[in-house]
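What follows is the content of coords10.txt, which has compact mmCIF, C-alpha atoms:
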# COMPACT_ATOMS: atom_id res chain seq x y z
CA MET A 1 -2.09 -5.44 -14.67
CA VAL A 2 0.23 -4.60 -11.75
CA ARG A 3 -2.57 -3.34 -9.51
CA SER A 4 -4.73 -6.41 -10.14
CA ALA A 5 -1.75 -8.73 -9.51
CA ALA A 6 -1.08 -7.02 -6.18
CA ILE A 7 -4.64 -7.32 -4.90
CA PHE A 8 -4.89 -10.95 -6.05
CA LEU A 9 -1.77 -11.76 -3.99
CA VAL A 10 -3.39 -10.16 -0.95
CA LEU A 11 -6.65 -12.06 -1.50
CA ILE A 12 -4.85 -15.38 -1.99
CA SER A 13 -2.88 -14.76 1.21
CA HIS A 14 -6.06 -14.13 3.20
CA THR A 15 -7.79 -17.11 1.58
CA SER A 16 -5.01 -19.35 2.85
CA LEU A 17 -5.93 -18.41 6.42
CA LEU A 18 -9.19 -20.30 5.94
CA VAL A 19 -7.50 -23.56 5.03
CA LEU A 20 -3.85 -23.56 6.18
CA SER A 21 -2.05 -23.35 9.50
CA ASP A 22 0.27 -20.38 9.87
CA GLU A 23 2.89 -22.75 11.32
CA GLY A 24 3.41 -24.88 8.20
CA LEU A 25 5.59 -24.14 5.18
CA GLU A 26 2.53 -23.67 2.97
CA GLY A 27 1.01 -21.16 5.38
CA PHE A 28 4.34 -19.32 5.60
CA PHE A 29 4.55 -19.15 1.80
CA PHE A 30 1.01 -17.89 1.23
CA GLN A 31 1.21 -15.30 3.99
CA PHE A 32 4.33 -13.88 2.37
CA LEU A 33 2.35 -13.48 -0.84
CA GLY A 34 0.27 -10.91 1.02
CA THR A 35 3.44 -9.16 2.17
CA ILE A 36 4.68 -8.97 -1.40
CA GLY A 37 1.27 -7.79 -2.64
CA VAL A 38 1.24 -4.85 -0.21
CA ASP A 39 4.78 -3.85 -1.18
CA ILE A 40 3.76 -3.94 -4.85
CA PHE A 41 1.06 -1.42 -3.91
CA PHE A 42 3.69 0.74 -2.19
CA VAL A 43 5.93 0.76 -5.27
CA LEU A 44 2.97 1.36 -7.60
CA SER A 45 1.78 4.27 -5.46
CA GLY A 46 5.28 5.75 -5.54
CA ILE A 47 5.48 5.52 -9.32
CA LEU A 48 2.01 6.98 -9.93
CA ILE A 49 2.23 9.77 -7.34
CA GLY A 50 5.86 10.48 -8.18
CA ASP A 51 4.97 10.82 -11.86
CA ILE A 52 2.15 13.26 -11.05
CA ILE A 53 4.37 15.42 -8.85
CA TYR A 54 7.33 15.33 -11.25
CA ARG A 55 5.19 16.45 -14.20
CA GLN A 56 3.62 19.09 -11.97
CA ILE A 57 7.08 20.43 -11.15
CA LEU A 58 8.15 20.39 -14.80
CA ALA A 59 5.05 22.43 -15.64
CA GLY A 60 6.07 25.03 -13.08
CA LYS A 61 3.19 24.22 -10.73
CA THR A 62 5.13 24.58 -7.51
CA SER A 63 3.06 27.06 -5.52
CA PHE A 64 1.36 26.18 -2.27
CA ASP A 65 -2.02 26.19 -4.06
CA HIS A 66 -0.77 23.58 -6.51
CA PHE A 67 0.42 21.31 -3.70
CA TYR A 68 -2.81 21.94 -1.81
CA HIS A 69 -4.75 20.82 -4.87
CA PHE A 70 -2.56 17.71 -5.07
CA PHE A 71 -3.36 16.81 -1.46
CA LEU A 72 -7.09 17.37 -1.99
CA ARG A 73 -7.13 15.03 -5.00
CA ARG A 74 -5.35 12.34 -3.01
CA TRP A 75 -7.69 12.74 -0.06
CA PHE A 76 -10.80 12.52 -2.23
CA ARG A 77 -9.34 9.26 -3.54
CA THR A 78 -8.44 7.69 -0.19
CA LEU A 79 -10.20 9.21 2.80
CA PRO A 80 -13.95 8.76 2.08
CA ASN A 81 -13.60 5.00 1.55
CA TYR A 82 -11.31 4.67 4.54
CA TYR A 83 -13.62 6.44 6.97
CA LEU A 84 -16.70 4.63 5.70
CA ILE A 85 -15.06 1.22 6.19
CA LEU A 86 -13.74 2.35 9.57
CA LEU A 87 -17.31 3.05 10.67
CA VAL A 88 -18.46 -0.32 9.29
CA ASN A 89 -15.71 -2.02 11.30
CA MET A 90 -16.89 -0.21 14.40
CA VAL A 91 -20.45 -1.46 13.85
CA ILE A 92 -19.18 -5.04 13.35
CA GLY A 93 -17.01 -4.78 16.45
CA ILE A 94 -19.88 -3.54 18.61
CA PHE A 95 -22.81 -5.60 17.37
CA VAL A 96 -21.28 -8.76 15.86
CA LEU A 97 -17.93 -9.53 17.47
CA ASN A 98 -18.56 -7.74 20.77
CA ASN A 99 -14.84 -6.96 21.01
CA LEU A 100 -14.82 -3.18 20.72
CA ASN A 101 -13.99 -1.61 24.06
CA PRO A 102 -12.58 1.72 25.30
CA GLY A 103 -9.09 0.24 25.25
CA THR A 104 -9.18 -0.04 21.47
CA GLN A 105 -8.42 3.70 21.15
CA ILE A 106 -10.58 4.18 18.09
CA TRP A 107 -9.67 7.88 17.94
CA LYS A 108 -6.22 6.96 16.63
CA TYR A 109 -7.74 5.40 13.52
CA PHE A 110 -9.37 8.69 12.56
CA PHE A 111 -5.92 10.32 12.39
CA PHE A 112 -3.98 7.30 11.03
CA LEU A 113 -2.07 7.05 14.30
CA GLN A 114 -3.03 3.45 15.14
CA ASN A 115 0.37 2.15 14.03
CA PHE A 116 2.43 5.32 13.97
CA SER A 117 5.10 4.17 16.42
CA GLU A 118 3.80 0.88 17.81
CA ASP A 119 1.82 -2.19 16.83
CA GLN A 120 -1.86 -1.43 16.30
CA GLN A 121 -4.54 -3.36 18.12
CA ASP A 122 -6.49 -6.20 16.56
CA PHE A 123 -9.03 -3.97 14.86
CA PHE A 124 -9.26 -2.99 11.18
CA PRO A 125 -5.88 -4.72 10.68
CA GLU A 126 -5.38 -3.89 6.99
CA SER A 127 -5.38 -0.17 7.78
CA TRP A 128 -1.68 -0.34 8.72
CA SER A 129 -0.57 0.13 5.12
CA LEU A 130 -2.98 3.02 4.60
CA SER A 131 -1.41 4.88 7.52
CA ILE A 132 2.04 4.43 5.99
CA GLU A 133 0.86 5.73 2.63
CA GLU A 134 -1.00 8.71 4.08
CA PHE A 135 1.97 9.92 6.10
CA SER A 136 4.28 9.31 3.12
CA TYR A 137 1.95 11.35 0.88
CA ILE A 138 2.06 14.22 3.35
CA ILE A 139 5.67 14.31 4.58
CA GLY A 140 7.46 13.81 1.25
CA PRO A 141 5.55 16.39 -0.82
CA LEU A 142 5.71 18.92 2.05
CA LEU A 143 9.47 18.40 2.26
CA LEU A 144 9.67 18.82 -1.51
CA PHE A 145 7.66 22.05 -1.35
CA LEU A 146 9.90 23.47 1.40
CA LEU A 147 13.11 22.55 -0.46
CA LEU A 148 11.78 24.17 -3.63
CA ARG A 149 11.21 27.37 -1.65
CA MET A 150 14.63 27.26 0.02
CA PHE A 151 16.95 26.38 -2.86
CA SER A 152 17.32 27.71 -6.37
CA THR A 153 18.72 24.49 -7.78
CA SER A 154 16.89 22.66 -10.57
CA PHE A 155 13.46 21.24 -9.77
CA SER A 156 14.52 17.74 -10.79
CA GLN A 157 17.45 17.82 -8.36
CA VAL A 158 15.15 18.82 -5.51
CA PHE A 159 12.85 15.93 -6.46
CA LEU A 160 15.83 13.55 -6.33
CA ILE A 161 17.10 14.95 -3.02
CA THR A 162 13.64 14.59 -1.46
CA SER A 163 13.35 10.98 -2.63
CA LEU A 164 16.81 10.07 -1.31
CA LEU A 165 16.16 11.79 2.02
CA MET A 166 12.94 9.82 2.53
CA ILE A 167 14.65 6.55 1.61
CA LEU A 168 17.58 7.32 3.92
CA THR A 169 15.17 8.18 6.73
CA GLY A 170 13.53 4.77 6.45
CA ILE A 171 16.83 2.89 6.39
CA ILE A 172 18.28 4.79 9.37
CA SER A 173 15.10 4.37 11.44
CA ARG A 174 15.21 0.59 10.91
CA LEU A 175 18.90 0.43 11.82
CA ILE A 176 18.20 2.31 15.06
CA PHE A 177 15.26 0.04 15.75
CA TYR A 178 17.37 -3.08 15.25
CA HIS A 179 19.98 -1.98 17.77
CA ASN A 180 17.32 -1.40 20.42
CA ASN A 181 14.99 -4.38 19.89
CA GLU A 182 15.02 -8.16 19.55
CA PHE A 183 12.54 -10.53 17.90
CA ASN A 184 11.59 -14.12 18.68
CA SER A 185 9.54 -14.75 15.55
CA ILE A 186 8.84 -13.40 12.11
CA LEU A 187 5.37 -12.42 13.35
CA GLU A 188 6.96 -10.14 15.94
CA TRP A 189 9.11 -8.59 13.23
CA SER A 190 6.08 -8.01 11.02
CA HIS A 191 3.92 -6.40 13.70
CA GLY A 192 6.74 -4.69 15.59
CA MET A 193 8.51 -3.04 12.66
CA ARG A 194 7.26 -3.90 9.16
CA LYS A 195 3.82 -2.44 9.81
CA ILE A 196 4.92 0.65 11.73
CA VAL A 197 4.74 4.07 10.07
CA ILE A 198 7.98 5.58 11.35
CA TYR A 199 9.99 2.62 10.01
CA ARG A 200 8.32 2.50 6.57
CA LEU A 201 8.22 6.12 5.37
CA ASP A 202 10.59 5.19 2.55
CA SER A 203 8.23 2.59 1.08
CA ILE A 204 6.77 4.63 -1.78
CA TYR A 205 9.91 6.67 -2.51
CA TYR A 206 11.66 3.92 -4.42
CA GLY A 207 8.93 4.60 -6.97
CA PHE A 208 9.78 8.32 -6.85
CA LEU A 209 13.42 7.47 -7.50
CA ALA A 210 12.40 5.35 -10.49
CA ILE A 211 10.41 8.26 -11.92
CA TYR A 212 13.43 10.53 -11.64
CA ILE A 213 15.62 7.97 -13.44
CA LYS A 214 12.94 7.45 -16.08
CA TYR A 215 12.65 11.13 -17.00
CA LYS A 216 16.34 12.02 -16.66
CA PHE A 217 17.98 9.07 -18.38
CA PHE A 218 15.61 6.94 -20.44
CA ASN A 219 12.06 8.14 -20.81
CA ARG A 220 11.20 5.06 -22.84
CA TRP A 221 12.10 2.68 -20.07
CA SER A 222 9.74 0.03 -21.46
CA ARG A 223 12.43 -0.88 -24.03
CA TYR A 224 14.49 -2.21 -21.13
CA GLY A 225 11.49 -3.93 -19.58
CA LEU A 226 12.47 -7.56 -20.12
CA LYS A 227 16.07 -7.06 -18.96
CA LEU A 228 14.92 -5.21 -15.86
CA LEU A 229 12.30 -7.89 -15.15
CA MET A 230 14.95 -10.61 -15.32
CA THR A 231 17.27 -8.61 -13.06
CA GLY A 232 14.44 -8.02 -10.59
CA SER A 233 13.47 -11.71 -10.63
CA VAL A 234 17.04 -12.76 -9.78
CA LEU A 235 17.24 -10.17 -7.00
CA PHE A 236 13.83 -11.22 -5.71
CA GLY A 237 14.91 -14.86 -5.56
CA LEU A 238 18.21 -14.08 -3.85
CA THR A 239 16.42 -11.87 -1.33
CA HIS A 240 14.13 -14.71 -0.27
CA VAL A 241 16.69 -17.54 -0.24
CA PRO A 242 17.92 -16.72 3.31
CA LEU A 243 14.32 -16.68 4.55
CA MET A 244 13.45 -20.05 3.06
CA TYR A 245 16.75 -21.59 4.12
CA SER A 246 16.33 -20.39 7.69
CA TYR A 247 12.73 -21.54 7.82
CA LEU A 248 13.59 -25.01 6.55
CA ASN A 249 16.40 -25.29 9.09
CA ALA A 250 14.86 -25.31 12.55
CA HIS A 251 12.60 -22.33 11.84
CA THR A 252 15.23 -19.78 12.81
CA PHE A 253 15.39 -16.45 11.01
CA ASN A 254 18.20 -14.02 10.38
CA TYR A 255 16.47 -10.93 11.71
CA ASN A 256 19.51 -8.80 11.04
CA PHE A 257 18.99 -9.55 7.36
CA LEU A 258 15.25 -8.93 7.61
CA ILE A 259 15.59 -5.50 9.19
CA ASN A 260 18.61 -4.13 7.38
CA PHE A 261 18.22 -5.57 3.90
CA TYR A 262 14.98 -7.41 3.23
CA LEU A 263 12.50 -4.54 2.83
CA PRO A 264 14.57 -2.28 0.54
CA LEU A 265 15.76 -5.26 -1.54
CA LEU A 266 12.16 -6.47 -1.89
CA LEU A 267 10.97 -3.04 -3.00
CA ILE A 268 13.84 -2.67 -5.49
CA SER A 269 13.30 -6.14 -6.94
CA ILE A 270 9.60 -5.39 -7.39
CA LEU A 271 10.44 -2.04 -8.95
CA PHE A 272 12.61 -3.67 -11.61
CA GLY A 273 9.57 -5.55 -12.89
CA PHE A 274 7.37 -2.50 -13.40
CA PRO A 275 8.59 -1.29 -16.84
CA PHE A 276 7.69 -4.69 -18.28
CA LEU A 277 4.54 -5.43 -16.31
CA MET A 278 2.98 -1.98 -16.77
CA ASN A 279 3.15 -2.45 -20.54
CA LEU A 280 2.07 -6.08 -20.55
CA LYS A 281 -1.03 -6.57 -22.69
CA THR A 282 -3.35 -9.50 -23.33
CA ARG A 283 -5.65 -10.15 -26.27
CA ASN A 284 -7.93 -12.40 -24.25
CA VAL A 285 -11.10 -10.38 -23.81
CA VAL A 286 -12.17 -12.16 -20.61
CA ILE A 287 -8.79 -11.76 -18.91
CA LYS A 288 -8.60 -8.13 -20.03
CA LYS A 289 -12.03 -7.44 -18.53
CA ILE A 290 -11.15 -9.17 -15.24
CA VAL A 291 -7.89 -7.24 -14.97
CA SER A 292 -9.61 -3.95 -15.79
CA ILE A 293 -12.41 -4.37 -13.25
CA THR A 294 -10.08 -5.69 -10.55
CA SER A 295 -7.70 -2.77 -11.02
CA ARG A 296 -10.50 -0.21 -10.81
CA ILE A 297 -11.96 -1.62 -7.60
CA SER A 298 -8.64 -2.70 -6.03
CA TYR A 299 -8.79 -0.12 -3.25
CA SER A 300 -12.30 -1.20 -2.29
CA LEU A 301 -11.22 -4.85 -2.51
CA TYR A 302 -8.35 -4.16 -0.14
CA LEU A 303 -10.62 -2.43 2.38
CA VAL A 304 -13.46 -4.98 2.55
CA ASN A 305 -11.74 -8.32 2.02
CA TYR A 306 -10.32 -8.98 5.47
CA SER A 307 -11.83 -6.99 8.32
CA ILE A 308 -15.34 -7.29 6.88
CA VAL A 309 -15.74 -10.36 4.62
CA PHE A 310 -13.06 -12.63 6.09
CA VAL A 311 -13.94 -11.78 9.69
CA LEU A 312 -17.65 -12.43 9.14
CA ILE A 313 -16.99 -15.76 7.38
CA ALA A 314 -14.56 -16.78 10.14
CA ARG A 315 -17.32 -15.90 12.61
CA LEU A 316 -19.72 -18.23 10.82
CA ILE A 317 -17.12 -21.01 10.98
CA GLU A 318 -16.56 -20.32 14.67
CA LEU A 319 -20.30 -20.62 15.28
CA GLU A 320 -20.29 -23.87 13.22
CA LEU A 321 -22.81 -22.41 10.79
CA LEU A 322 -20.34 -22.92 7.98
CA GLU A 323 -18.40 -26.17 8.01
CA ASN A 324 -17.40 -26.71 4.37
CA THR A 325 -14.01 -25.13 3.62
CA TRP A 326 -14.63 -24.81 -0.12
CA VAL A 327 -17.93 -23.08 0.52
CA ALA A 328 -16.11 -20.65 2.81
CA ILE A 329 -13.51 -19.92 0.12
CA PHE A 330 -16.23 -19.43 -2.51
CA LEU A 331 -18.15 -17.06 -0.24
CA PHE A 332 -14.97 -15.13 0.56
CA TRP A 333 -14.17 -14.40 -3.08
CA ILE A 334 -17.74 -13.78 -4.24
CA CYS A 335 -18.68 -11.54 -1.31
CA THR A 336 -15.39 -9.65 -1.51
CA PHE A 337 -15.88 -8.76 -5.17
CA VAL A 338 -19.60 -8.00 -4.81
CA PHE A 339 -19.13 -5.76 -1.77
CA ALA A 340 -16.09 -4.05 -3.33
CA PHE A 341 -17.89 -3.37 -6.59
CA MET A 342 -20.86 -1.90 -4.75
CA LEU A 343 -18.55 0.25 -2.62
CA PHE A 344 -16.74 1.49 -5.72
CA ARG A 345 -19.87 2.08 -7.81
CA PHE A 346 -22.02 3.81 -5.24
CA PHE A 347 -19.48 5.55 -3.00
CA GLU A 348 -15.84 5.57 -4.09
CA LYS A 349 -16.39 6.78 -7.65
CA PRO A 350 -18.95 9.47 -6.71
CA MET A 351 -16.47 10.76 -4.13
CA MET A 352 -13.66 10.83 -6.70
CA ASP A 353 -15.88 12.68 -9.17
CA LEU A 354 -16.24 15.48 -6.64
CA ARG A 355 -12.54 16.35 -6.89
CA ASP A 356 -13.12 17.74 -10.40
CA ASN A 357 -16.39 19.46 -9.58
CA PRO A 358 -15.86 23.25 -10.01
CA LYS A 359 -18.30 24.10 -7.22
CA VAL A 360 -16.57 21.77 -4.76
CA LEU A 361 -13.15 23.10 -5.75
CA ARG A 362 -14.24 26.69 -5.25
CA LEU A 363 -15.72 25.77 -1.88
CA LEU A 364 -12.37 24.27 -0.86
CA GLY A 365 -10.43 27.29 -2.04
CA ILE A 366 -9.11 26.01 -5.37
CA SER A 367 -9.22 28.62 -8.13
CA ASN A 368 -9.74 27.76 -11.81
CA LYS A 369 -6.12 28.56 -12.67
CA HIS A 370 -4.94 25.74 -10.35
CA HIS A 371 -7.49 23.26 -11.61
CA ASP A 372 -5.95 20.92 -14.20
Translate this structure into structure tokens?
Amino acid sequence: MVRSAAIFLVLISHTSLLVLSDEGLEGFFFQFLGTIGVDIFFVLSGILIGDIIYRQILAGKTSFDHFYHFFLRRWFRTLPNYYLILLVNMVIGIFVLNNLNPGTQIWKYFFFLQNFSEDQQDFFPESWSLSIEEFSYIIGPLLLFLLLRMFSTSFSQVFLITSLLMILTGIISRLIFYHNNEFNSILEWSHGMRKIVIYRLDSIYYGFLAIYIKYKFFNRWSRYGLKLLMTGSVLFGLTHVPLMYSYLNAHTFNYNFLINFYLPLLLISILFGFPFLMNLKTRNVVIKKIVSITSRISYSLYLVNYSIVFVLIARLIELELLENTWVAIFLFWICTFVFAFMLFRFFEKPMMDLRDNPKVLRLLGISNKHHD
């Protein structure tokens, strides 16, 4: 349910670009839906990955081989799709848009460096969040592994320390950034800091922190789901009031608030809703099927919806081959789901299946005793 809600917010945000100006209140609102959708993905990733690592630690699987196996499983899940869509974007840039030149620095995209410390160029724009996640997946678990080797304290305490260190790193980096930079618009803030790896390494670790609290204090956190959802909803509303107030009053923004408070408060408010939303069920067969399929192909949906489907439809509009807005919206949604399903069915899932193939694991140096 949570994964499908997140990708729908992203799709709705990108749909609005076909019909709304980014200068109006409606455009501002719908574009922020995409922002919220991506941060839901960050929190969800933190909860899922944090849960895997925490249970791995509890089971005593703390050797380098165990962490190596963890990384391989993540990479089989994320890298094949990413590199395939990167190549597709390169083909579109060369043969359709004619905007791919040596200055694009494509090599950075192969190492997730396109937005490591500065705004990435206008190519494969949705990849910014993938870079943040990949570096978070690497740095945090490696730090955890090193701390486990260095200290004899309990495994759960090391997990907590790692999570807090990553969160603190993100907060401090943004504070330093604020004191050395100024913004003239919310767009500058988004591209100049929100989408930059070194300022967002804490994004998934709020989910890690939640996993620690879940296992240490109340494993059945779903019993508190409704109360936490209500608390998160209030916090979410209060977090966005300054933004809406500033926007409605001469379009000025409190960037001090944005940099120092907005991102962590947004992530925490989203996090509060997870115990309820992750256990939310529906008896409607159609809705259940839509949610199930959307959740399964959400990664493929995220990869193809903008830089491939949206860009090609926008190109048709630019060439005046597609003039009807509703037709454009219909094509965007249909093509996005069709392409994403095909990508998932014929590429993403076969690649994921390889991570449990004994022959592949042996080839990559994973022994049977480290294979779950």
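Omitting Glu118 (chain A) and its sequence neighbours fewer than 2 positions away, and counting only C-alpha atoms, the residues within 10 Å are A:Leu113, A:Gln114, A:Asn115, A:Phe116, A:Gln120, A:Gln121, A:His191, A:Gly192, A:Met193, A:Lys195, A:Ile196, A:Val197, A:Ile198.
Using only C-alpha atoms for every distance, the candidate list A:Val38, A:Ile366, A:Leu20, A:Ile297 yields A:Ile297 as the residue closest to Phe344 (chain A).
Proximity ranking of A:Ser4, A:Arg74, A:Leu97, A:Leu343 relative to Ala314 (chain A) places A:Leu97 first, based on all atoms listed in the file.
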*What is the CA of Asn180 (chain A) to CA of Leu263 (chain A) distance in Å?*
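The value is 18.5 Å.
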*Two-atom distance - CA of Leu364 (chain A), CA of Ile85 (chain A) (Å)*: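 CA of Ile85 (chain A) lies 24.3 Å from CA of Leu364 (chain A).
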*Between CA of Met230 (chain A) and CA of Leu266 (chain A), what is the distance, to one decimal in Å?*
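Answer for the CA of Met230 (chain A) to CA of Leu266 (chain A) separation: 14.3 Å.
Of the residues under consideration (A:Ala328, A:Met244, A:Leu168, A:Ile92), A:Ile92 shows the shortest atom-to-atom contact distance to Ile308 (chain A) when counting only C-alpha atoms.
The nearest approach to Val43 (chain A) among the residues A:Ile270, A:Leu280, A:Val309, A:Leu130, with all atoms listed in the file taken into account, belongs to A:Ile270.
If all atoms listed in the file are the atoms counted, then among A:Tyr299, A:Phe30, A:Trp128, A:Tyr206 the closest residue to Leu267 (chain A) is A:Tyr206.
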Counting all atoms listed in the file, select every polymer residue within 9 Å of (-3.8, 29.0, 0.4) as defined in the file's coordinates, and provide the selection as a tab-separated table (two decimals) with C-alpha atoms, in the coordinates of the input.
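Final output, part.tsv:
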chain	number	residue	atom	x	y	z
A	64	PHE	CA	1.36	26.18	-2.27
A	65	ASP	CA	-2.02	26.19	-4.06
A	68	TYR	CA	-2.81	21.94	-1.81
A	365	GLY	CA	-10.43	27.29	-2.04
A	366	ILE	CA	-9.11	26.01	-5.37
